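Everything on this sheet refers to the single structure shown next.
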Amino acid sequence: MKSLIVANWKMNPESAKEAKALFSAVKKGIAGLNKKIDVVMCPPYEYLGLLKGLILGAQNCFYEEKGAYTGEISALMLKNMGVEYVILGHSERRRMGETDEQINKKLVKAVQAGLTPILCVGEKKEDKDRGKKQEVLEAQIKQCLGGITADVVIAYEPVWAIGTGDNCGVDETKESIDFIRKFVKTGTRILYGGSVKSDNSGSYLKEAGANGLLVGGASLNAKEFIGIVKSAE
Ligand code: 13P
């Protein structure tokens with residue numbers, strides 16, 4: 001199975017100039033790397049049309065096809081501009097009120113449009129402390145994937161590990177990934193995300209059974225991100 005390394009730039013950087021410079025540096029740094037690695041870049045929407053030469057993903061899409069939905073972008077619009085993946089159900093969006101039901105509707109539209117969804121699931125610190133981690137993961141997966149038969153990518157991102165430097169331990173990650181595997185099709189790629197850096201990335205791929213990584217903060221530093229991609233070689 002090909003490893004999948006995904007850069008989630010979130011709401012960064014502030015200018016197209018910086019976006020192009022970061023993208024070019026990554027492109028140059030990973031040129032000629034093992035063809036067994038897929039690298040997907042997920043910049044903010046407005047930079048998608050400016051960046052060429054690597055696989056692109058979006059960070060969200062809407063669950064209707066077109067019409068009076070001010071500020072929203074459809075899955076088909078993304079597909080029509082050459083985007084191949086879309087991150088859905090990120091905890092930063094769930095925190096703004098996105099529900100499993102809405103995420104499921106987005107997955108349906110993404111699949112219909114021919115995009116590969118990267119569905120994010122993960123427990124909060126309080127879920128873990130109350131011993132509810134597996135219950136939360138199972139509910140998120142079952143509700144978000146309801147009725148979906150197409151191939152999707154799952155990203156296990158414990159909420160407490162995101163942007164905190166407190167990355168999930170390898171054994172704990174393995175346990176969660178093994179648990180998630182019970183609810184998804186054979187061959188589904190399961191990524192780990194949460195404070196991934198070039199000095200911890202390899203352990204998730206080699207020891208925790210992750211098929212790839214979803215990288216936030218470290219993807220804004222070309223050298224770090226290239227190091228992460230190289231750790232998957
Ligand atoms: P960090 O790598 O900054 O912890 O973010 C992870 C993430 O949310 C990727 O989607």
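Chains: A, B, ... in order of the structure tokens. Residues: from 1 per chain. Ligands: from 1, in order shown.
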Distance limit 10 Å, reference ligand 1, atoms considered: only C-alpha atoms and all ligand atoms. Which residues make the cut? Give them as a ChimeraX atom specification. /A:6-10,42,59,87-92,118,120,155-167,192-197,213-220
Test item: residues at most 12 Å from A:Glu175, only C-alpha atoms, excluding those fewer than 6 positions along its chain, as a compact mmCIF listing (two decimals) with N, CA, C and O atoms, in the first residue's frame:
```txt
# COMPACT_ATOMS: atom_id res chain seq x y z
N LYS A 133 -12.95 6.75 24.71
CA LYS A 133 -12.29 6.96 23.43
C LYS A 133 -12.88 6.07 22.32
O LYS A 133 -13.28 6.57 21.27
N GLN A 134 -12.93 4.78 22.57
CA GLN A 134 -13.38 3.86 21.51
C GLN A 134 -14.84 4.10 21.14
O GLN A 134 -15.20 4.03 19.96
N LEU A 137 -14.88 7.13 18.86
CA LEU A 137 -14.35 6.81 17.52
C LEU A 137 -15.35 5.97 16.72
O LEU A 137 -15.63 6.26 15.56
N TYR A 156 -6.79 9.48 11.81
CA TYR A 156 -7.00 9.46 13.26
C TYR A 156 -6.23 10.63 13.85
O TYR A 156 -5.00 10.64 13.83
N CYS A 168 0.53 11.80 20.05
CA CYS A 168 0.05 10.53 20.64
C CYS A 168 1.17 9.50 20.61
O CYS A 168 1.87 9.36 19.60
N GLY A 169 1.33 8.75 21.69
CA GLY A 169 2.36 7.70 21.73
C GLY A 169 2.12 6.64 20.68
O GLY A 169 0.98 6.44 20.25
N ARG A 181 -9.74 0.03 12.25
CA ARG A 181 -9.75 -0.95 11.15
C ARG A 181 -10.94 -1.90 11.18
O ARG A 181 -11.36 -2.43 10.17
N LYS A 182 -11.49 -2.10 12.38
CA LYS A 182 -12.63 -3.01 12.50
C LYS A 182 -13.86 -2.48 11.79
O LYS A 182 -14.79 -3.22 11.50
N TYR A 192 -2.25 8.97 10.66
CA TYR A 192 -2.21 9.59 11.99
C TYR A 192 -1.95 11.08 11.83
O TYR A 192 -1.14 11.49 10.97
N TYR A 204 5.33 6.39 13.45
CA TYR A 204 3.91 6.09 13.19
C TYR A 204 3.77 5.14 12.01
O TYR A 204 2.90 4.27 12.01
N GLU A 207 5.94 1.68 13.20
CA GLU A 207 5.57 0.93 14.41
C GLU A 207 4.08 0.97 14.75
O GLU A 207 3.57 0.06 15.40
N ALA A 208 3.40 2.04 14.35
CA ALA A 208 1.99 2.17 14.79
C ALA A 208 1.01 1.66 13.74
O ALA A 208 -0.20 1.66 13.97
N GLY A 209 1.53 1.25 12.59
CA GLY A 209 0.63 0.71 11.56
C GLY A 209 -0.12 1.77 10.78
O GLY A 209 -1.09 1.46 10.07
N ALA A 210 0.31 3.04 10.88
CA ALA A 210 -0.34 4.09 10.08
C ALA A 210 0.10 3.97 8.63
O ALA A 210 1.24 3.62 8.34
```
(request) Using DSSP on the backbone coordinates, identify all residues within stretch 26-211 of chain A classified as helix (DSSP H, G or I); present the result as a ChimeraX atom specification. (result) /A:26-30,45-50,75-80,91-94,100-113,125-129,133-144,159-161,170-181,201-206
Once you have the residues from the selection above, write them out as a PDB file, in the first residue's frame, restricted to C-alpha atoms.
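Contents of selection.pdb, freshly written:
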```pdb
ATOM      1  CA  VAL A  26       8.275  21.215  -1.168  1.00  0.00           C
ATOM      2  CA  LYS A  27       7.977  20.213  -4.819  1.00  0.00           C
ATOM      3  CA  LYS A  28      11.703  20.587  -5.319  1.00  0.00           C
ATOM      4  CA  GLY A  29      12.547  18.802  -2.075  1.00  0.00           C
ATOM      5  CA  ILE A  30      10.488  15.704  -2.822  1.00  0.00           C
ATOM      6  CA  TYR A  45      -9.224  27.361  -1.305  1.00  0.00           C
ATOM      7  CA  GLU A  46      -7.925  30.562  -2.851  1.00  0.00           C
ATOM      8  CA  TYR A  47      -4.467  29.138  -3.537  1.00  0.00           C
ATOM      9  CA  LEU A  48      -5.665  25.887  -5.141  1.00  0.00           C
ATOM     10  CA  GLY A  49      -5.741  27.362  -8.638  1.00  0.00           C
ATOM     11  CA  LEU A  50      -2.252  28.833  -8.302  1.00  0.00           C
ATOM     12  CA  ALA A  75     -17.221  19.203  -4.220  1.00  0.00           C
ATOM     13  CA  LEU A  76     -17.761  19.408  -7.979  1.00  0.00           C
ATOM     14  CA  MET A  77     -16.206  22.891  -8.142  1.00  0.00           C
ATOM     15  CA  LEU A  78     -13.118  21.449  -6.496  1.00  0.00           C
ATOM     16  CA  LYS A  79     -13.039  18.445  -8.817  1.00  0.00           C
ATOM     17  CA  ASN A  80     -13.430  20.716 -11.839  1.00  0.00           C
ATOM     18  CA  SER A  91     -11.930  18.688  14.642  1.00  0.00           C
ATOM     19  CA  GLU A  92     -11.380  22.405  14.051  1.00  0.00           C
ATOM     20  CA  ARG A  93     -14.567  22.377  11.959  1.00  0.00           C
ATOM     21  CA  ARG A  94     -16.437  20.128  14.395  1.00  0.00           C
ATOM     22  CA  ASP A 100     -21.494  13.870  11.993  1.00  0.00           C
ATOM     23  CA  GLU A 101     -24.689  14.136   9.950  1.00  0.00           C
ATOM     24  CA  GLN A 102     -23.367  17.133   7.971  1.00  0.00           C
ATOM     25  CA  ILE A 103     -20.005  15.433   7.529  1.00  0.00           C
ATOM     26  CA  ASN A 104     -21.781  12.352   6.139  1.00  0.00           C
ATOM     27  CA  LYS A 105     -23.635  14.532   3.619  1.00  0.00           C
ATOM     28  CA  LYS A 106     -20.335  16.119   2.583  1.00  0.00           C
ATOM     29  CA  LEU A 107     -18.754  12.688   2.116  1.00  0.00           C
ATOM     30  CA  VAL A 108     -21.632  11.647  -0.137  1.00  0.00           C
ATOM     31  CA  LYS A 109     -21.153  14.713  -2.368  1.00  0.00           C
ATOM     32  CA  ALA A 110     -17.384  14.398  -2.383  1.00  0.00           C
ATOM     33  CA  VAL A 111     -17.583  10.775  -3.531  1.00  0.00           C
ATOM     34  CA  GLN A 112     -20.208  11.617  -6.167  1.00  0.00           C
ATOM     35  CA  ALA A 113     -17.939  14.340  -7.523  1.00  0.00           C
ATOM     36  CA  LYS A 125      -9.033  14.757  26.132  1.00  0.00           C
ATOM     37  CA  GLU A 126     -12.171  14.430  28.270  1.00  0.00           C
ATOM     38  CA  ASP A 127     -13.389  11.449  26.200  1.00  0.00           C
ATOM     39  CA  LYS A 128     -10.081   9.730  26.801  1.00  0.00           C
ATOM     40  CA  ASP A 129     -10.086  10.574  30.523  1.00  0.00           C
ATOM     41  CA  LYS A 133     -12.293   6.958  23.425  1.00  0.00           C
ATOM     42  CA  GLN A 134     -13.380   3.862  21.507  1.00  0.00           C
ATOM     43  CA  GLU A 135     -17.056   4.684  21.892  1.00  0.00           C
ATOM     44  CA  VAL A 136     -16.441   8.157  20.399  1.00  0.00           C
ATOM     45  CA  LEU A 137     -14.349   6.810  17.518  1.00  0.00           C
ATOM     46  CA  GLU A 138     -16.879   4.109  16.683  1.00  0.00           C
ATOM     47  CA  ALA A 139     -19.781   6.586  16.673  1.00  0.00           C
ATOM     48  CA  GLN A 140     -17.906   9.110  14.498  1.00  0.00           C
ATOM     49  CA  ILE A 141     -16.902   6.468  11.961  1.00  0.00           C
ATOM     50  CA  LYS A 142     -20.294   4.779  11.761  1.00  0.00           C
ATOM     51  CA  GLN A 143     -22.224   8.039  11.461  1.00  0.00           C
ATOM     52  CA  CYS A 144     -19.871   9.796   9.064  1.00  0.00           C
ATOM     53  CA  VAL A 159      -7.990  16.346  19.384  1.00  0.00           C
ATOM     54  CA  TRP A 160      -5.661  16.795  22.368  1.00  0.00           C
ATOM     55  CA  ALA A 161      -2.633  16.054  20.155  1.00  0.00           C
ATOM     56  CA  VAL A 170       3.086   4.968  19.230  1.00  0.00           C
ATOM     57  CA  ASP A 171       1.377   2.192  21.251  1.00  0.00           C
ATOM     58  CA  GLU A 172      -1.715   4.268  21.857  1.00  0.00           C
ATOM     59  CA  THR A 173      -1.877   5.245  18.190  1.00  0.00           C
ATOM     60  CA  LYS A 174      -1.538   1.613  17.166  1.00  0.00           C
ATOM     61  CA  GLU A 175      -4.354   0.618  19.473  1.00  0.00           C
ATOM     62  CA  SER A 176      -6.659   3.277  17.983  1.00  0.00           C
ATOM     63  CA  ILE A 177      -5.705   2.481  14.396  1.00  0.00           C
ATOM     64  CA  ASP A 178      -6.294  -1.238  14.992  1.00  0.00           C
ATOM     65  CA  PHE A 179      -9.658  -0.378  16.527  1.00  0.00           C
ATOM     66  CA  ILE A 180     -10.658   1.845  13.580  1.00  0.00           C
ATOM     67  CA  ARG A 181      -9.747  -0.954  11.146  1.00  0.00           C
ATOM     68  CA  SER A 201       6.889  10.751  11.799  1.00  0.00           C
ATOM     69  CA  GLY A 202       8.741   7.539  10.947  1.00  0.00           C
ATOM     70  CA  SER A 203       7.603   5.769  14.117  1.00  0.00           C
ATOM     71  CA  TYR A 204       3.913   6.094  13.187  1.00  0.00           C
ATOM     72  CA  LEU A 205       4.561   4.514   9.805  1.00  0.00           C
ATOM     73  CA  LYS A 206       6.944   1.830  10.969  1.00  0.00           C
TER      74      LYS A 206
END
```
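Counting only C-alpha atoms and comparing A:Asp151, A:Asp199, A:Asp38, A:Glu98, the residue that lies closest to A:Asn60 is A:Glu98.
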If you count only C-alpha atoms, the residue of A:Ala19, A:Lys132, A:Gly57, A:Gly146 closest to A:Pro117 turns out to be A:Gly57
Extract the full set of strand (DSSP E or B) residues from stretch 21-229 of chain A according to DSSP on the backbone, and format it as a PyMOL selection string. chain A and resi 37-42+55-58+62+74+85-88+116-121+153-156+190-193+212-215
